[in-house]
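To start, the structure itself, in structure tokens.
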Amino acid sequence: MKNTKGLFQLSRIGDHYILLGIVLLFSFIMVAPIKDSFSEQHFIEVSWNSGHVLYFFLFSYVLYKLIPSLNTLSMSRQYLYIGVVCLVIGACIELVQLFTHRSASLNDLVYNLAGGMAAVTFLSPGLTGLKHRKNILIYIPVFMLLAYGLWGPIGFVINSYLVNKNFPVINAFESSLEKQRWHGQATFDISTEKSSEGEFSFKIEFARGHYSSAKLRQMYADWVGYRKLLFDIYNNEDKSVQLIVSVYDSSDTNTKTNYANRFNRKLELQPGWNSINIELSEIKNGPKNRQLLMQDIAGMMFYAMRIKSPFTLYLDNIRLGD
Ligand SMILES: [Ca+2]
């Protein structure tokens, strides 16, 4: 028998109808409008794109099951056909998303392609018959596509390790991965232009408008045993700017955070470096009708409102101290 052993072939399972069901379920999730509270869950959000990879991997698997003759084609044709099908189906999903208030993205097409190419590579029996060197040439681009497609959850796991390792330093911005912990309407990136610690800081550009924010969503939760929250901010403007810093706990993590349910402090930032030092006892008593759960801190937010002219800040060395 020729062409019957794929690297991770699942043919013995024979339950492709179950897999077809999973694919249909994913189809529904990918086109259904999602709620704010759902999209705010950091892990789901950073991993969301990787769902495309999984979906198109399963989708391609089902194609192999439903059309067994695919296996008999040359490898290049399998890559071509599966690739084209993934791109066309992916483009249709993007079109449907336009009508369900979900944002369509060209990046998604790359994630879809990664899933399809991975399926051909790992499930098709053809590759195992090729010579080793030729295999490597195919594996390298496919693994690069996969790494790109799975970067969200991979980055999340590495960040989880860094968050634990570096605490009580919350963000020193010395790793480009730290950017993934942040979310918000402001434009931000790791920068070498200024730093109060190490070589890098977090450049945040607040655009003109009603509201703009940068929100830290992946952090060490237990602040018990420390006395102060400290950080440095460089105000790049030639006049003072107002910024509000908020700290919230696990009871308050979605986009509709209640102002009275968290700690808020208005900062008047002078031009140049500002060293901010806030007592954790004040943060604990920040919410109006309760105390913040200091053992279960979920996030921090830096935001500005009614911004008449855009401004740029550099944030560095967010840490807890005694
Ligand atoms: Ca730094």
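Ligands are numbered from 1 in the order shown, residues from 1 within each chain, and chains are lettered A, B, ... in the order they appear in the structure tokens.
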Neighbouring residues of Pro287 of chain A were defined as those with any atom within 10 Å, considering only C-alpha atoms; residues of the same chain fewer than 6 positions away were excluded. Please report them as a ChimeraX atom specification. /A:247-248,258-264
Just write the chosen residues, N, CA and C atoms, as a PDB file, in the first residue's frame.
ATOM      1  N   VAL A 247      -6.165  51.471  38.853  1.00  0.00           N
ATOM      2  CA  VAL A 247      -5.821  50.084  39.186  1.00  0.00           C
ATOM      3  C   VAL A 247      -7.133  49.377  39.498  1.00  0.00           C
ATOM      4  N   TYR A 248      -7.331  48.204  38.928  1.00  0.00           N
ATOM      5  CA  TYR A 248      -8.578  47.486  39.189  1.00  0.00           C
ATOM      6  C   TYR A 248      -8.290  46.027  39.509  1.00  0.00           C
ATOM      7  N   ASN A 258     -16.222  50.218  35.910  1.00  0.00           N
ATOM      8  CA  ASN A 258     -16.925  51.269  36.611  1.00  0.00           C
ATOM      9  C   ASN A 258     -15.911  52.148  37.345  1.00  0.00           C
ATOM     10  N   TYR A 259     -15.962  53.436  37.080  1.00  0.00           N
ATOM     11  CA  TYR A 259     -14.995  54.371  37.668  1.00  0.00           C
ATOM     12  C   TYR A 259     -14.952  54.253  39.191  1.00  0.00           C
ATOM     13  N   ALA A 260     -16.138  54.103  39.812  1.00  0.00           N
ATOM     14  CA  ALA A 260     -16.215  54.075  41.281  1.00  0.00           C
ATOM     15  C   ALA A 260     -15.752  52.743  41.861  1.00  0.00           C
ATOM     16  N   ASN A 261     -15.574  51.756  40.999  1.00  0.00           N
ATOM     17  CA  ASN A 261     -15.231  50.406  41.480  1.00  0.00           C
ATOM     18  C   ASN A 261     -13.724  50.148  41.454  1.00  0.00           C
ATOM     19  N   ARG A 262     -12.920  51.173  41.139  1.00  0.00           N
ATOM     20  CA  ARG A 262     -11.482  50.966  41.031  1.00  0.00           C
ATOM     21  C   ARG A 262     -10.744  52.173  41.631  1.00  0.00           C
ATOM     22  N   PHE A 263      -9.405  52.069  41.711  1.00  0.00           N
ATOM     23  CA  PHE A 263      -8.598  53.199  42.159  1.00  0.00           C
ATOM     24  C   PHE A 263      -8.294  54.098  40.963  1.00  0.00           C
ATOM     25  N   ASN A 264      -8.433  55.411  41.142  1.00  0.00           N
ATOM     26  CA  ASN A 264      -8.105  56.372  40.085  1.00  0.00           C
ATOM     27  C   ASN A 264      -7.288  57.512  40.679  1.00  0.00           C
TER      28      ASN A 264
END
Show me, as a PyMOL selection string, the residues that have an atom within 7 Å of segment 295-312 of chain A when counting only C-alpha atoms, minus same-chain residues fewer than 3 positions from it. chain A and resi 204-219+221-224+235-237+242-250+253
Among segment 24-200 of chain A, which residues does DSSP mark as strand (DSSP E or B) when it is run on the backbone? Keep the chain and numbering as in the structure and answer as a count of residues only. 10
Cut-off 7 Å, only C-alpha atoms and all ligand atoms, neighbours of ligand 1 as a PyMOL selection string: chain A and resi 172-174+195-201+316-317
For the selection just defined, write its residues with N, CA and C atoms to a file, as a CSV table (one decimal), in the first residue's frame.
chain,number,residue,atom,x,y,z
A,172,ALA,N,9.4,46.6,33.0
A,172,ALA,CA,10.6,47.4,32.8
A,172,ALA,C,10.8,47.7,31.3
A,173,PHE,N,10.0,47.0,30.5
A,173,PHE,CA,9.9,47.2,29.0
A,173,PHE,C,11.3,46.9,28.3
A,174,GLU,N,12.0,46.0,29.0
A,174,GLU,CA,13.3,45.6,28.4
A,174,GLU,C,13.1,44.4,27.4
A,195,SER,N,14.7,56.3,28.6
A,195,SER,CA,14.5,55.2,29.6
A,195,SER,C,15.0,55.7,30.9
A,196,SER,N,14.3,55.3,32.0
A,196,SER,CA,14.7,55.7,33.3
A,196,SER,C,15.4,54.5,34.0
A,197,GLU,N,15.3,53.3,33.3
A,197,GLU,CA,15.9,52.0,33.8
A,197,GLU,C,16.2,51.2,32.6
A,198,GLY,N,17.4,50.6,32.5
A,198,GLY,CA,17.7,49.8,31.3
A,198,GLY,C,17.8,50.6,30.1
A,199,GLU,N,17.5,50.0,28.9
A,199,GLU,CA,17.7,50.7,27.7
A,199,GLU,C,16.4,51.1,27.0
A,200,PHE,N,15.3,50.5,27.5
A,200,PHE,CA,14.0,50.7,26.8
A,200,PHE,C,12.9,51.3,27.7
A,201,SER,N,11.9,51.9,27.1
A,201,SER,CA,10.7,52.4,27.8
A,201,SER,C,9.5,52.1,26.9
A,316,ASP,N,8.2,54.0,32.2
A,316,ASP,CA,9.2,53.0,32.5
A,316,ASP,C,9.2,52.5,33.9
A,317,ASN,N,9.7,51.4,34.1
A,317,ASN,CA,10.0,50.9,35.5
A,317,ASN,C,8.8,50.9,36.4
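In this comparison, which uses only C-alpha atoms, the residue of A:Leu230, A:Leu137, A:Val110, A:Leu66 approaching Asn277 of chain A most closely is A:Leu230.
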List the spatial neighbours of Ser281 of chain A as a ChimeraX atom specification - criterion: any atom at most 9 Å away, only C-alpha atoms, same-chain residues fewer than 3 positions off excluded. /A:227-228,278,284-286
Would you write out those residues with C-alpha atoms, as a short mmCIF file (atom, residue, chain, number, x, y, z; two decimals), in the first residue's frame?
data_model
loop_
_atom_site.label_atom_id
_atom_site.label_comp_id
_atom_site.auth_asym_id
_atom_site.auth_seq_id
_atom_site.Cartn_x
_atom_site.Cartn_y
_atom_site.Cartn_z
CA ARG A 227 3.74 49.46 50.38
CA LYS A 228 4.14 51.48 47.22
CA ILE A 278 1.54 55.97 45.24
CA LYS A 284 -6.69 49.63 48.42
CA ASN A 285 -9.20 52.27 49.51
CA GLY A 286 -9.66 53.59 45.96
#
Rounded to one decimal in Å, what is the spacing between atom CA of Gly321 of chain A and atom CA of Lys179 of chain A?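 One can read the atom CA of Gly321 of chain A to atom CA of Lys179 of chain A distance as 22.8 Å.
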Write out as an NGL selection string all residues of segment 81-322 of chain A that DSSP puts in helix (DSSP H, G or I) for this structure's backbone. :A and (81-99 or 106-123 or 125-129 or 132-149 or 151-166 or 176-181 or 259-261 or 280-284)
Best match for closeness to Gly152 of chain A among A:Ile233, A:Ile67, A:Leu177, A:Leu292, counting only C-alpha atoms: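 Closest candidate: A:Leu177.
One finds atom CA of Gln180 of chain A at 25.9 Å from atom CA of Leu98 of chain A.
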Could you tell me how far atom CA of Ser47 of chain A lies from atom CA of Ser191 of chain A, in Å and to one decimal? 24.9 Å
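By chain and then residue number, the residues within 12 Å of Trp151 of chain A are A:Phe43, A:Val46, A:Ser47, A:Trp48, A:Asn49, A:Ser50, A:Gly51, A:Val53, A:Tyr111, A:Ala114, A:Phe143, A:Met144, A:Leu145, A:Leu146, A:Ala147, A:Gly155, A:Phe156, A:Val157, A:Ile158, A:Asn159, A:Leu177, A:Gln180, counting only C-alpha atoms and disregarding those fewer than 4 positions away in sequence.
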Got time to write the residues from that selection, N, CA and C atoms, as a compact mmCIF listing (two decimals), in the first residue's frame?
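Below is the file that was written, selection-v4.txt:
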# COMPACT_ATOMS: atom_id res chain seq x y z
N PHE A 43 -6.44 36.47 27.34
CA PHE A 43 -5.89 35.29 26.68
C PHE A 43 -6.67 34.94 25.42
N VAL A 46 -5.64 37.46 22.75
CA VAL A 46 -4.33 37.29 22.10
C VAL A 46 -4.25 35.96 21.35
N SER A 47 -5.09 35.00 21.75
CA SER A 47 -5.05 33.69 21.09
C SER A 47 -6.04 33.61 19.94
N TRP A 48 -6.86 34.64 19.82
CA TRP A 48 -7.97 34.56 18.87
C TRP A 48 -7.50 34.22 17.46
N ASN A 49 -6.45 34.89 17.02
CA ASN A 49 -5.97 34.66 15.65
C ASN A 49 -5.52 33.23 15.45
N SER A 50 -5.00 32.64 16.52
CA SER A 50 -4.53 31.26 16.40
C SER A 50 -5.70 30.30 16.19
N GLY A 51 -6.90 30.73 16.57
CA GLY A 51 -8.09 29.92 16.30
C GLY A 51 -8.24 29.68 14.80
N VAL A 53 -5.79 29.23 12.75
CA VAL A 53 -4.84 28.18 12.38
C VAL A 53 -5.47 26.82 12.68
N TYR A 111 -3.14 33.46 8.64
CA TYR A 111 -3.37 32.45 9.67
C TYR A 111 -4.08 31.23 9.08
N ALA A 114 -1.68 29.19 7.18
CA ALA A 114 -0.79 28.45 8.09
C ALA A 114 -1.44 27.14 8.51
N PHE A 143 6.84 25.86 9.38
CA PHE A 143 7.03 26.16 10.81
C PHE A 143 7.06 27.68 11.05
N MET A 144 7.61 28.42 10.08
CA MET A 144 7.61 29.89 10.22
C MET A 144 6.18 30.42 10.19
N LEU A 145 5.39 29.88 9.25
CA LEU A 145 3.97 30.28 9.18
C LEU A 145 3.25 29.93 10.48
N LEU A 146 3.53 28.71 10.99
CA LEU A 146 2.88 28.25 12.22
C LEU A 146 3.27 29.13 13.42
N ALA A 147 4.58 29.47 13.50
CA ALA A 147 5.05 30.31 14.61
C ALA A 147 4.35 31.67 14.56
N GLY A 155 3.37 33.81 22.97
CA GLY A 155 3.78 35.04 23.66
C GLY A 155 3.15 35.14 25.04
N PHE A 156 1.89 34.71 25.15
CA PHE A 156 1.19 34.76 26.44
C PHE A 156 1.90 33.87 27.47
N VAL A 157 2.29 32.68 27.04
CA VAL A 157 2.96 31.74 27.95
C VAL A 157 4.32 32.30 28.38
N ILE A 158 5.09 32.84 27.43
CA ILE A 158 6.40 33.40 27.78
C ILE A 158 6.21 34.60 28.71
N ASN A 159 5.20 35.43 28.41
CA ASN A 159 4.92 36.58 29.27
C ASN A 159 4.53 36.15 30.68
N LEU A 177 8.42 41.58 24.02
CA LEU A 177 7.23 40.78 24.32
C LEU A 177 6.28 41.49 25.27
N GLN A 180 2.84 42.92 24.35
CA GLN A 180 1.65 42.08 24.17
C GLN A 180 0.73 42.12 25.40
